[in-house]
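Scroll down for the structure; my scribbles are underneath it.
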Amino acid sequence: MVASARRPATATRRSPPESGPMPNASGPAAPDPVLGLEVCAAIRRQVEKLGLTIGAEPVWAEARFADEVDPYSGERSLVGTWRGKARYGTVTLFADGRVYAEYQVLLPHPAQPGYYVEAVQVWGAPGR
């Protein structure tokens, strides 16, 4: 997975039409746990590259998932959300196998006093 320091544009999401589960998932509540471990490890590696740590966060099993539809393209995705603790994050599993995840860091920047690291992002295809 590739990482970025850029902040993506925000899009409003609407409810998806009723239909079957997404690829990469056995249903909205049970996406592939192997993929989940890979996504969470990639997020932690990005934080570690900055010289910081967020411990064992995020925890894949704590994410809550729902099918969503992109308002522009109409494509369905499975979107997971981590919330309720000190940090917030999302992961989007696209129908074509791509993954995008963002997770809050909220720690002082190790090399720039007076600044903090808001979040890290990872994206790509599983296994890359």
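Chain labels follow the order of the structure tokens: the first chain is A, the next B, and so on; residue numbering restarts at 1 in every chain, and ligands are counted from 1 in their shown order.
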| field | Those of range 33-126 of chain A in DSSP strand (DSSP E), formatted as a PyMOL selection string | value | chain A and resi 64-69+76-82+89-94+99-108+116-124
| task | Identify, on the basis of only C-alpha atoms, every residue whose closest approach to Ala42 in chain A does not exceed 7 Å; exclude the query and any residue fewer than 3 positions from it along the same chain; express the result as a PyMOL selection string. | result | chain A and resi 1+38-39+45-46+122
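If only C-alpha atoms are the atoms counted, then among A:Leu78, A:Leu35, A:Ala56, A:Ala125 the closest residue to Leu93 in chain A is A:Leu78.
Every protein, DNA or RNA residue with an atom at most 12 Å from Pro126 in chain A, where only C-alpha atoms count and chain neighbours fewer than 2 positions away do not, is listed here: Met1, Val2, Asn24, Asp32, Val34, Leu35, Gly36, Leu37, Glu38, Val39, Cys40, Ala41, Ala42, Leu93, Phe94, Asp96, Gly97, Arg98, Val99, Tyr100, Val122, Trp123, Gly124 and Arg128 of chain A.
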| said: What does the structure give for the distance between CA of Glu118 in chain A and CA of Arg87 in chain A, in Å to one decimal? | reply: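 Taking CA of Glu118 in chain A and CA of Arg87 in chain A, their separation equals 10.0 Å.
Assigned to alpha helix (DSSP H) in range 21-121 of chain A, given DSSP computed from backbone atoms, are A:Pro33, A:Val34, A:Leu35, A:Gly36, A:Leu37, A:Glu38, A:Val39, A:Cys40, A:Ala41, A:Ala42, A:Ile43, A:Arg44, A:Arg45, A:Gln46, A:Val47, A:Glu48, A:Lys49.
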| task | Rounded to one decimal place, report the CA of Lys49 in chain A-CA of Ser77 in chain A distance in Å. | result |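 Atom-to-atom, CA of Lys49 in chain A and CA of Ser77 in chain A are spaced 28.8 Å apart.
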| message | Here is a test: counting only C-alpha atoms, which residue of A:Val105, A:Ala66, A:Val59, A:Ala111 is nearest to Val47 in chain A? | response |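 For Val47 in chain A, the nearest of the given residues is A:Val105.
Take CA of Thr90 in chain A and CA of Asp67 in chain A: the distance between them is 13.0 Å.
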